[in-house]
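Engineer: Have a peek at protein.pdb (PDB, C-alpha atoms and all ligand atoms).
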ATOM      1  CA  MET A  50     -27.060   2.046  -1.507
ATOM      2  CA  VAL A  51     -23.872   3.728  -2.606
ATOM      3  CA  LYS A  52     -23.913   7.412  -1.722
ATOM      4  CA  LYS A  53     -22.104   9.647  -4.144
ATOM      5  CA  ILE A  54     -19.787  12.244  -2.682
ATOM      6  CA  THR A  55     -19.385  15.280  -4.919
ATOM      7  CA  LYS A  56     -15.997  16.679  -5.894
ATOM      8  CA  LYS A  57     -16.594  19.497  -3.423
ATOM      9  CA  GLY A  58     -17.332  16.940  -0.724
ATOM     10  CA  VAL A  59     -14.061  15.146  -1.480
ATOM     11  CA  GLU A  60     -12.216  18.465  -1.309
ATOM     12  CA  GLU A  61     -13.704  19.153   2.135
ATOM     13  CA  PHE A  62     -12.774  15.653   3.242
ATOM     14  CA  VAL A  63      -9.144  16.066   2.172
ATOM     15  CA  SER A  64      -8.772  19.502   3.844
ATOM     16  CA  LYS A  65     -10.198  18.166   7.062
ATOM     17  CA  GLU A  66      -8.366  14.850   7.091
ATOM     18  CA  LEU A  67      -4.864  15.874   6.030
ATOM     19  CA  ALA A  68      -2.402  13.711   7.988
ATOM     20  CA  LYS A  69       1.211  14.460   8.808
ATOM     21  CA  ALA A  70       3.387  11.885   7.089
ATOM     22  CA  VAL A  71       4.969   9.255   9.334
ATOM     23  CA  ASN A  72       7.558   7.369   7.338
ATOM     24  CA  ASP A  73       8.452   4.564   9.722
ATOM     25  CA  ARG A  74       5.412   2.487   8.943
ATOM     26  CA  MET A  75       3.505   1.271   5.930
ATOM     27  CA  HIS A  76      -0.167   0.368   6.114
ATOM     28  CA  CYS A  77      -2.719  -0.969   3.671
ATOM     29  CA  MET A  78      -4.828   1.427   1.587
ATOM     30  CA  ASP A  79      -7.935  -0.176   3.181
ATOM     31  CA  GLU A  80     -10.580   2.468   4.015
ATOM     32  CA  ARG A  81     -11.439   0.833   7.336
ATOM     33  CA  TYR A  82      -8.266   2.145   9.025
ATOM     34  CA  THR A  83      -9.138   4.703  11.696
ATOM     35  CA  LYS A  84      -6.898   7.729  12.145
ATOM     36  CA  GLU A  85      -5.366   6.106  15.221
ATOM     37  CA  GLN A  86      -4.609   2.941  13.253
ATOM     38  CA  SER A  87      -3.031   4.461  10.164
ATOM     39  CA  GLU A  88      -1.718   7.823  11.457
ATOM     40  CA  GLY A  89       0.301   9.197   8.536
ATOM     41  CA  ALA A  90       1.811   5.884   7.451
ATOM     42  CA  VAL A  91       2.710   5.264   3.824
ATOM     43  CA  ARG A  92      -0.496   3.735   2.432
ATOM     44  CA  VAL A  93      -0.127   1.028  -0.183
ATOM     45  CA  PRO A  94      -2.205  -2.050  -0.979
ATOM     46  CA  GLY A  95      -1.363  -4.766   1.556
ATOM     47  CA  GLY A  96       0.981  -2.611   3.690
ATOM     48  CA  ASP A  97       4.476  -4.078   3.968
ATOM     49  CA  PHE A  98       3.240  -7.407   2.644
ATOM     50  CA  GLY A  99       2.090  -5.668  -0.540
ATOM     51  CA  MET A 100       5.495  -4.037  -0.900
ATOM     52  CA  VAL A 101       7.161  -7.443  -0.455
ATOM     53  CA  MET A 102       4.983  -8.708  -3.327
ATOM     54  CA  ALA A 103       6.259  -5.881  -5.539
ATOM     55  CA  PHE A 104       9.905  -6.695  -4.738
ATOM     56  CA  ALA A 105       9.290 -10.427  -5.242
ATOM     57  CA  GLY A 106       7.684  -9.738  -8.632
ATOM     58  CA  ALA A 107      10.668  -7.628  -9.720
ATOM     59  CA  LEU A 108      13.119 -10.344  -8.642
ATOM     60  CA  LYS A 109      11.224 -12.966 -10.617
ATOM     61  CA  ASP A 110      11.013 -10.747 -13.709
ATOM     62  CA  GLU A 111      14.767 -10.179 -13.517
ATOM     63  CA  GLY A 112      15.525 -13.895 -13.186
ATOM     64  CA  THR A 113      16.924 -13.647  -9.641
ATOM     65  CA  GLN A 114      15.932 -16.670  -7.602
ATOM     66  CA  LEU A 115      15.602 -16.165  -3.867
ATOM     67  CA  THR A 116      13.602 -18.232  -1.383
ATOM     68  CA  PRO A 117      10.610 -16.559   0.316
ATOM     69  CA  GLU A 118      12.667 -16.534   3.548
ATOM     70  CA  GLU A 119      15.514 -14.677   1.824
ATOM     71  CA  ILE A 120      13.137 -12.145   0.276
ATOM     72  CA  ILE A 121      11.424 -11.364   3.608
ATOM     73  CA  GLU A 122      14.725 -11.176   5.489
ATOM     74  CA  ARG A 123      16.237  -8.812   2.924
ATOM     75  CA  TYR A 124      13.116  -6.665   3.037
ATOM     76  CA  PHE A 125      13.136  -6.613   6.844
ATOM     77  CA  LYS A 126      16.818  -5.629   6.988
ATOM     78  CA  THR A 127      16.077  -2.869   4.494
ATOM     79  CA  VAL A 128      13.214  -1.352   6.488
ATOM     80  CA  LYS A 129      15.212  -1.717   9.706
ATOM     81  CA  ARG A 130      17.746   0.771   8.362
ATOM     82  CA  LYS A 131      14.985   3.337   8.129
ATOM     83  CA  ARG A 132      12.692   2.351  10.984
ATOM     84  CA  GLY A 133      15.357   1.473  13.533
ATOM     85  CA  ASP A 134      15.757  -1.519  15.828
ATOM     86  CA  ASN A 135      12.064  -1.599  16.747
ATOM     87  CA  ALA A 136      11.101  -1.914  13.090
ATOM     88  CA  LYS A 137       7.950  -3.876  12.351
ATOM     89  CA  LEU A 138       6.493  -5.421   9.234
ATOM     90  CA  TYR A 139       2.935  -4.121   8.957
ATOM     91  CA  TYR A 140      -0.104  -5.973   7.649
ATOM     92  CA  HIS A 141      -3.734  -6.358   8.639
ATOM     93  CA  ASP A 142      -6.713  -8.618   9.024
ATOM     94  CA  ASP A 143     -10.306  -7.800   9.907
ATOM     95  CA  ASP A 144     -12.826  -8.939  12.487
ATOM     96  CA  SER A 145     -15.177 -10.599  10.003
ATOM     97  CA  ASP A 146     -15.128 -14.245   9.050
ATOM     98  CA  HIS A 147     -13.010 -13.732   5.909
ATOM     99  CA  GLU A 148     -10.147 -16.180   5.896
ATOM    100  CA  ILE A 149      -7.827 -13.251   5.190
ATOM    101  CA  GLY A 150      -9.181  -9.777   5.913
ATOM    102  CA  CYS A 151      -6.818  -7.899   3.597
ATOM    103  CA  GLY A 152      -8.459  -7.844   0.171
ATOM    104  CA  HIS A 153      -5.161  -7.271  -1.615
ATOM    105  CA  ALA A 154      -3.458 -10.284  -0.026
ATOM    106  CA  ALA A 155      -6.580 -12.448  -0.323
ATOM    107  CA  MET A 156      -7.041 -11.720  -4.035
ATOM    108  CA  ALA A 157      -3.365 -12.196  -4.866
ATOM    109  CA  MET A 158      -3.428 -15.587  -3.134
ATOM    110  CA  SER A 159      -6.605 -16.698  -4.850
ATOM    111  CA  GLN A 160      -6.452 -18.996  -7.862
ATOM    112  CA  LYS A 161      -9.278 -16.934  -9.357
ATOM    113  CA  TYR A 162      -6.924 -13.992  -9.980
ATOM    114  CA  ASP A 163      -3.846 -16.017 -10.872
ATOM    115  CA  GLY A 164      -1.769 -14.276 -13.537
ATOM    116  CA  LEU A 165      -3.151 -10.811 -12.784
ATOM    117  CA  TYR A 166      -0.431  -9.972 -10.255
ATOM    118  CA  GLY A 167       2.477 -10.118 -12.697
ATOM    119  CA  SER A 168       4.801 -13.068 -13.051
ATOM    120  CA  LEU A 169       4.204 -14.294  -9.483
ATOM    121  CA  THR A 170       1.759 -17.166  -9.215
ATOM    122  CA  TYR A 171      -0.864 -17.324  -6.488
ATOM    123  CA  THR A 172       0.981 -20.226  -4.876
ATOM    124  CA  GLU A 173       4.223 -18.239  -4.743
ATOM    125  CA  ILE A 174       2.348 -15.358  -3.108
ATOM    126  CA  ARG A 175       0.847 -17.800  -0.581
ATOM    127  CA  GLN A 176       4.339 -19.015   0.335
ATOM    128  CA  LEU A 177       5.497 -15.433   0.813
ATOM    129  CA  TYR A 178       2.468 -14.720   3.007
ATOM    130  CA  VAL A 179       3.162 -17.703   5.273
ATOM    131  CA  VAL A 180       6.783 -16.674   5.765
ATOM    132  CA  PHE A 181       5.865 -12.993   6.201
ATOM    133  CA  THR A 182       3.151 -13.618   8.799
ATOM    134  CA  ASN A 183       5.441 -15.971  10.753
ATOM    135  CA  HIS A 184       8.220 -13.396  10.950
ATOM    136  CA  PRO A 185       8.874 -12.500  14.613
ATOM    137  CA  ASN A 186       8.741  -8.743  13.920
ATOM    138  CA  THR A 187       5.322  -8.333  12.334
ATOM    139  CA  SER A 188       2.657  -5.916  13.509
ATOM    140  CA  LEU A 189      -0.916  -6.984  12.798
ATOM    141  CA  THR A 190      -3.760  -4.438  12.752
ATOM    142  CA  THR A 191      -7.331  -5.743  12.996
ATOM    143  CA  LEU A 192      -9.830  -3.584  11.120
ATOM    144  CA  LYS A 193     -13.486  -3.456  12.118
ATOM    145  CA  GLY A 194     -16.496  -4.142   9.946
ATOM    146  CA  GLU A 195     -17.141  -4.664   6.279
ATOM    147  CA  HIS A 196     -15.856  -2.627   3.343
ATOM    148  CA  GLY A 197     -17.792   0.527   2.487
ATOM    149  CA  SER A 198     -15.576   2.917   0.594
ATOM    150  CA  ASP A 199     -16.765   6.190  -0.942
ATOM    151  CA  GLY A 200     -13.850   6.425  -3.376
ATOM    152  CA  VAL A 201     -10.127   6.200  -3.913
ATOM    153  CA  LEU A 202      -7.573   8.950  -3.232
ATOM    154  CA  PHE A 203      -4.200   8.684  -4.971
ATOM    155  CA  ILE A 204      -1.843  11.024  -3.116
ATOM    156  CA  HIS A 205       1.088  12.690  -4.859
ATOM    157  CA  GLY A 206       3.757  15.220  -3.958
ATOM    158  CA  GLU A 207       4.302  18.377  -5.932
ATOM    159  CA  SER A 208       7.524  17.272  -7.621
ATOM    160  CA  ALA A 209       9.838  14.306  -7.729
ATOM    161  CA  VAL A 210      12.332  16.065  -5.473
ATOM    162  CA  SER A 211      10.217  17.933  -2.935
ATOM    163  CA  PRO A 212       9.400  16.036   0.257
ATOM    164  CA  ILE A 213       5.837  14.822   0.748
ATOM    165  CA  PRO A 214       5.006  15.719   4.337
ATOM    166  CA  TYR A 215       1.316  14.796   4.133
ATOM    167  CA  SER A 216      -1.054  11.942   3.573
ATOM    168  CA  VAL A 217      -4.812  11.819   4.144
ATOM    169  CA  HIS A 218      -6.672   9.796   6.779
ATOM    170  CA  SER A 219      -9.106   7.199   5.454
ATOM    171  CA  GLN A 220     -12.060   8.244   7.560
ATOM    172  CA  ASP A 221     -14.058  11.235   8.603
ATOM    173  CA  GLU A 222     -15.769   9.698  11.592
ATOM    174  CA  GLU A 223     -18.308  12.525  12.023
ATOM    175  CA  ARG A 224     -19.469  12.491   8.431
ATOM    176  CA  LYS A 225     -19.142   8.718   8.130
ATOM    177  CA  GLU A 226     -17.077   9.012   4.966
ATOM    178  CA  LYS A 227     -14.341   6.543   4.045
ATOM    179  CA  PHE A 228     -11.748   6.412   1.300
ATOM    180  CA  PHE A 229      -9.096   4.045   0.071
ATOM    181  CA  VAL A 230      -5.839   6.009   0.292
ATOM    182  CA  VAL A 231      -2.747   5.235  -1.791
ATOM    183  CA  ASP A 232       0.410   7.322  -1.264
ATOM    184  CA  ILE A 233       1.778   6.862  -4.769
ATOM    185  CA  ASP A 234       4.767   9.220  -4.594
ATOM    186  CA  ARG A 235       5.773   8.249  -1.063
ATOM    187  CA  ALA A 236       5.666   4.584  -2.151
ATOM    188  CA  TYR A 237       7.893   5.411  -5.136
ATOM    189  CA  ARG A 238      10.353   7.270  -2.934
ATOM    190  CA  PHE A 239      10.415   4.310  -0.570
ATOM    191  CA  ILE A 240      11.150   1.960  -3.490
ATOM    192  CA  ASP A 241      13.920   4.224  -4.810
ATOM    193  CA  LYS A 242      15.597   4.393  -1.420
ATOM    194  CA  ALA A 243      15.011   0.774  -0.407
ATOM    195  CA  THR A 244      16.099  -0.969  -3.607
ATOM    196  CA  PRO A 245      19.896  -0.410  -3.290
ATOM    197  CA  HIS A 246      19.858  -1.727   0.306
ATOM    198  CA  PHE A 247      17.622  -4.624  -0.629
ATOM    199  CA  SER A 248      20.086  -5.534  -3.399
ATOM    200  CA  VAL A 249      23.294  -5.625  -1.310
ATOM    201  CA  GLY A 250      25.185  -8.827  -2.074
ATOM    202  CA  LEU A 251      23.013  -9.877  -4.996
ATOM    203  CA  GLN A 252      24.775 -10.705  -8.252
ATOM    204  CA  LYS A 253      22.301  -8.595 -10.107
ATOM    205  CA  PHE A 254      20.953  -5.462  -8.413
ATOM    206  CA  VAL A 255      17.191  -5.067  -8.432
ATOM    207  CA  ASN A 256      15.994  -2.293 -10.725
ATOM    208  CA  ALA A 257      13.680   0.085  -8.840
ATOM    209  CA  GLU A 258      11.638   0.581 -12.023
ATOM    210  CA  ASP A 259      10.768  -3.137 -12.011
ATOM    211  CA  VAL A 260       9.557  -2.848  -8.414
ATOM    212  CA  LYS A 261       7.414   0.195  -9.323
ATOM    213  CA  ARG A 262       5.971  -1.567 -12.342
ATOM    214  CA  ASN A 263       4.956  -4.571 -10.212
ATOM    215  CA  PHE A 264       3.614  -2.277  -7.500
ATOM    216  CA  LEU A 265       1.382  -0.449  -9.994
ATOM    217  CA  LEU A 266       0.195  -3.588 -11.727
ATOM    218  CA  GLN A 267      -0.694  -5.242  -8.417
ATOM    219  CA  LEU A 268      -2.426  -2.059  -7.223
ATOM    220  CA  LYS A 269      -4.447  -1.841 -10.447
ATOM    221  CA  THR A 270      -5.579  -5.445 -10.187
ATOM    222  CA  THR A 271      -6.867  -5.065  -6.637
ATOM    223  CA  ALA A 272      -8.357  -1.595  -7.142
ATOM    224  CA  GLY A 273      -9.988  -2.802 -10.363
ATOM    225  CA  VAL A 274     -12.062  -5.236  -8.299
ATOM    226  CA  LEU A 275     -12.382  -3.688  -4.819
ATOM    227  CA  ALA A 276     -12.867  -0.126  -6.073
ATOM    228  CA  ALA A 277     -14.852  -0.907  -9.230
ATOM    229  CA  GLY A 278     -17.328   1.894  -9.919
ATOM    230  CA  LEU A 279     -15.990   4.192  -7.175
ATOM    231  CA  SER A 280     -14.830   7.739  -7.918
ATOM    232  CA  LYS A 281     -11.082   8.095  -8.067
ATOM    233  CA  TYR A 282      -9.075  11.258  -7.511
ATOM    234  CA  ASP A 283      -5.472  12.301  -7.942
ATOM    235  CA  ILE A 284      -4.565  14.648  -5.087
ATOM    236  CA  VAL A 285      -1.340  16.647  -5.342
ATOM    237  CA  ILE A 286      -0.242  18.044  -1.967
ATOM    238  CA  ASN A 287       2.531  20.618  -1.742
ATOM    239  CA  PRO A 288       4.969  20.932   1.193
ATOM    240  CA  GLN A 289       2.741  23.635   2.753
ATOM    241  CA  GLY A 290      -0.229  21.280   2.799
ATOM    242  CA  ASN A 291      -2.134  23.003  -0.020
ATOM    243  CA  PHE A 292      -3.519  20.630  -2.576
ATOM    244  CA  GLN A 293      -5.010  20.320  -6.010
ATOM    245  CA  MET A 294      -7.252  17.523  -7.099
ATOM    246  CA  GLU A 295      -8.445  15.976 -10.292
ATOM    247  CA  GLN A 296     -11.107  13.354 -10.795
ATOM    248  CA  LEU A 297      -9.881  10.393 -12.856
ATOM    249  CA  PRO A 298     -11.953   8.730 -15.559
ATOM    250  CA  ASN A 299     -13.673   5.615 -14.262
TER
HETATM  251 ZN    ZN A 301      -5.494  -4.661   2.968
END
Give the structure from the file, written as structure tokens.
Structural biologist:
Amino acid sequence: MVKKITKKGVEEFVSKELAKAVNDRMHCMDERYTKEQSEGAVRVPGGDFGMVMAFAGALKDEGTQLTPEEIIERYFKTVKRKRGDNAKLYYHDDDSDHEIGCGHAAMAMSQKYDGLYGSLTYTEIRQLYVVFTNHPNTSLTTLKGEHGSDGVLFIHGESAVSPIPYSVHSQDEERKEKFFVVDIDRAYRFIDKATPHFSVGLQKFVNAEDVKRNFLLQLKTTAGVLAAGLSKYDIVINPQGNFQMEQLPN
């Protein structure tokens, strides 16, 4: 049975589980991440693999043809600038018998959802996944158990220019509550900063707005299925860690 957490309950969860932002990693929004697994990483569907999908979608929309190897290498070089020489490409699996434990990656690679992830086909996404997972600098996190989310938290900063020093953990282990967490504004800032580096040497520079559009579309497709019927909240956190929240229509 799905237990309903009230708005007040969500507010208590967020105050208790505020996480200091750590910008040198990007993990999936999956609610099964423990605090130790996600820390304050930028949370987006699919982790770095999901972000690669957004860049690949933008490239295809703009008519720039790169091989999956070139896309992953460009992305890796881009994150290396920020994360340093020990940079990793983050993604996850789980300990169940799913073929692929990340719902975002699994859906995007499934023929059933073909066409719902933008211009990329499911076979193109499969090729990207093979190249991504074979990259020597990946970091794989294995999540435990089955899905069981109580809702979705979309995290925002106070303004487009102020830094966003917080995220929210996915789990309150004492209260057994779990949320999908998506750091919308931190993901946008990442895209804005990463796109010029990603584009170096390309005839046509990638437009960050195209990456954001693909990111949002891909997020909506996955959340539309995995988070169907769950309560969704926009949480705006200011640099002092105070926040405001608003429940979104279902
Ligand atoms: Zn995932």
Engineer: Tell me which residues the PyMOL selection byres (((chain A and resi 139) around 10) and not hetatm) grabs here, as a VMD selection string.
Structural biologist: chain A and resid 74 to 77 95 to 99 136 to 138 140 to 141 181 to 182 186 to 190
Engineer: Let me make sure I understand: among A:Glu119, A:Glu207, A:Glu80, A:Glu258, which one has the smallest atom-to-atom distance to ligand ZN 301 (chain A) if we use only C-alpha atoms and all ligand atoms?
Structural biologist: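 Smallest distance to ligand ZN 301 (chain A) is found for A:Glu80.
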Engineer: Grab me every residue within 6 Å of ligand ZN 301 (chain A), counting all atoms listed in the file, and send it over as a list of chain:residue names.
Structural biologist: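 My answer, listing the contacting residues, is A:Cys77, A:Asp79, A:Pro94, A:Gly95, A:Cys151, A:Gly152, A:His153.
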Engineer: Could you list, with a cut-off of 7 Å and counting all atoms listed in the file, the residues of range 115-168 of chain A near range 224-247 of chain A, each shown with its nearest atom pair and the distance in Å rounded to one decimal, rows sorted by chain and ascending number, as CSV?
Structural biologist:
residue,atom,partner,partner_atom,distance
A:Arg123,CA,A:Phe247,CA,5.7
A:Tyr124,CA,A:Phe247,CA,6.2
A:Thr127,CA,A:Phe247,CA,5.6
Engineer: Can you work out the spacing between CA of Met78 in chain A and CA of Leu266 in chain A in Å, to one decimal?
Structural biologist: 15.1 Å
Engineer: Would you mind reading off the distance between CA of Lys69 in chain A and CA of Ser216 in chain A, one decimal, in Å?
Structural biologist: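 The value is 6.2 Å.
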Engineer: Would you compute the box with edges along x, y and z of the file around range 167-175 of chain A, including every atom the file lists for it and 5 Å extra on each side, and give its centre and edge lengths in Å to one decimal, as lines of an AutoDock Vina configuration file?
Structural biologist:
center_x = 2.0
center_y = -15.2
center_z = -6.8
size_x = 15.7
size_y = 20.1
size_z = 22.5
Engineer: Using CA of Asp199 in chain A and CA of Lys57 in chain A as the two end points, give the distance in Å to one decimal.
Structural biologist: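 Calculated distance between CA of Asp199 in chain A and CA of Lys57 in chain A is 13.5 Å.
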Engineer: Which of these, A:Ser219, A:Ser248, A:Asn135, A:Ser87, has the shortest distance to Ile120 in chain A once you count all atoms listed in the file?
Structural biologist: A:Ser248
Engineer: Could you name the residues that touch Ala155 in chain A at 12 Å or less, counting all atoms listed in the file, but leaving out those on the same chain fewer than 5 positions away, as a ChimeraX atom specification?
Structural biologist: /A:94-95,98-99,141-143,147-150,160-163,166,171-172,174-175,178,271,275
Engineer: To test your reading of the syntax: which residues would the PyMOL selection byres (((chain A and resi 206) around 8) and not hetatm) return for the file shown? Reply as number ranges by chain.
Structural biologist: A: 204-205, 207-209, 211-213, 234-235, 285-288
Engineer: I'd like the residues picked by the PyMOL selection byres (((chain A and resi 253) around 12) and not hetatm) written out as an mmCIF file with C-alpha atoms, keeping the file's coordinate frame, using the chain letters and numbers from the file.
Structural biologist:
data_model
loop_
_atom_site.group_PDB
_atom_site.id
_atom_site.type_symbol
_atom_site.label_atom_id
_atom_site.label_comp_id
_atom_site.auth_asym_id
_atom_site.auth_seq_id
_atom_site.Cartn_x
_atom_site.Cartn_y
_atom_site.Cartn_z
ATOM 1 C CA ALA A 107 10.668 -7.628 -9.720
ATOM 2 C CA LEU A 108 13.119 -10.344 -8.642
ATOM 3 C CA LYS A 109 11.224 -12.966 -10.617
ATOM 4 C CA GLU A 111 14.767 -10.179 -13.517
ATOM 5 C CA GLY A 112 15.525 -13.895 -13.186
ATOM 6 C CA THR A 113 16.924 -13.647 -9.641
ATOM 7 C CA GLN A 114 15.932 -16.670 -7.602
ATOM 8 C CA LEU A 115 15.602 -16.165 -3.867
ATOM 9 C CA THR A 244 16.099 -0.969 -3.607
ATOM 10 C CA PRO A 245 19.896 -0.410 -3.290
ATOM 11 C CA PHE A 247 17.622 -4.624 -0.629
ATOM 12 C CA SER A 248 20.086 -5.534 -3.399
ATOM 13 C CA VAL A 249 23.294 -5.625 -1.310
ATOM 14 C CA GLY A 250 25.185 -8.827 -2.074
ATOM 15 C CA LEU A 251 23.013 -9.877 -4.996
ATOM 16 C CA GLN A 252 24.775 -10.705 -8.252
ATOM 17 C CA PHE A 254 20.953 -5.462 -8.413
ATOM 18 C CA VAL A 255 17.191 -5.067 -8.432
ATOM 19 C CA ASN A 256 15.994 -2.293 -10.725
#
Engineer: Which one of A:Lys126, A:Lys131, A:Ser145, A:Gly167 sits closest to Lys261 in chain A if you count only C-alpha atoms?
Structural biologist: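 The answer is A:Gly167, which sits nearest to Lys261 in chain A.
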Engineer: Leaving out Lys84 in chain A and any residue of its chain fewer than 3 positions from it, which residues lie within 7 Å of it when counting all atoms listed in the file, given as a ChimeraX atom specification?
Structural biologist: /A:87-88,218,220
Engineer: Mind listing whatever residues come within 6 Å of the point (-2.8, 18.7, 3.6)? Use only C-alpha atoms, file coordinates, and give them as a VMD selection string.
Structural biologist: chain A and resid 67 215 290 to 291
Engineer: Please determine, counting only C-alpha atoms, which residue among A:Phe62, A:Phe104, A:Phe125, A:Phe203 has the shortest atom-to-atom distance to Leu169 in chain A.
Structural biologist: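 Result for the nearest residue to Leu169 in chain A: A:Phe104.
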Engineer: Which one is closest to Arg130 in chain A: A:Gln293, A:Val63, A:Val217, A:Asp73? Count only C-alpha atoms.
Structural biologist: A:Asp73
Engineer: Have a look at A:Glu223, A:Glu85, A:Glu118, A:Asp134 and name the one nearest to His184 in chain A; count all atoms listed in the file.
Structural biologist: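 Of the candidates, the smallest distance to His184 in chain A is held by A:Glu118.
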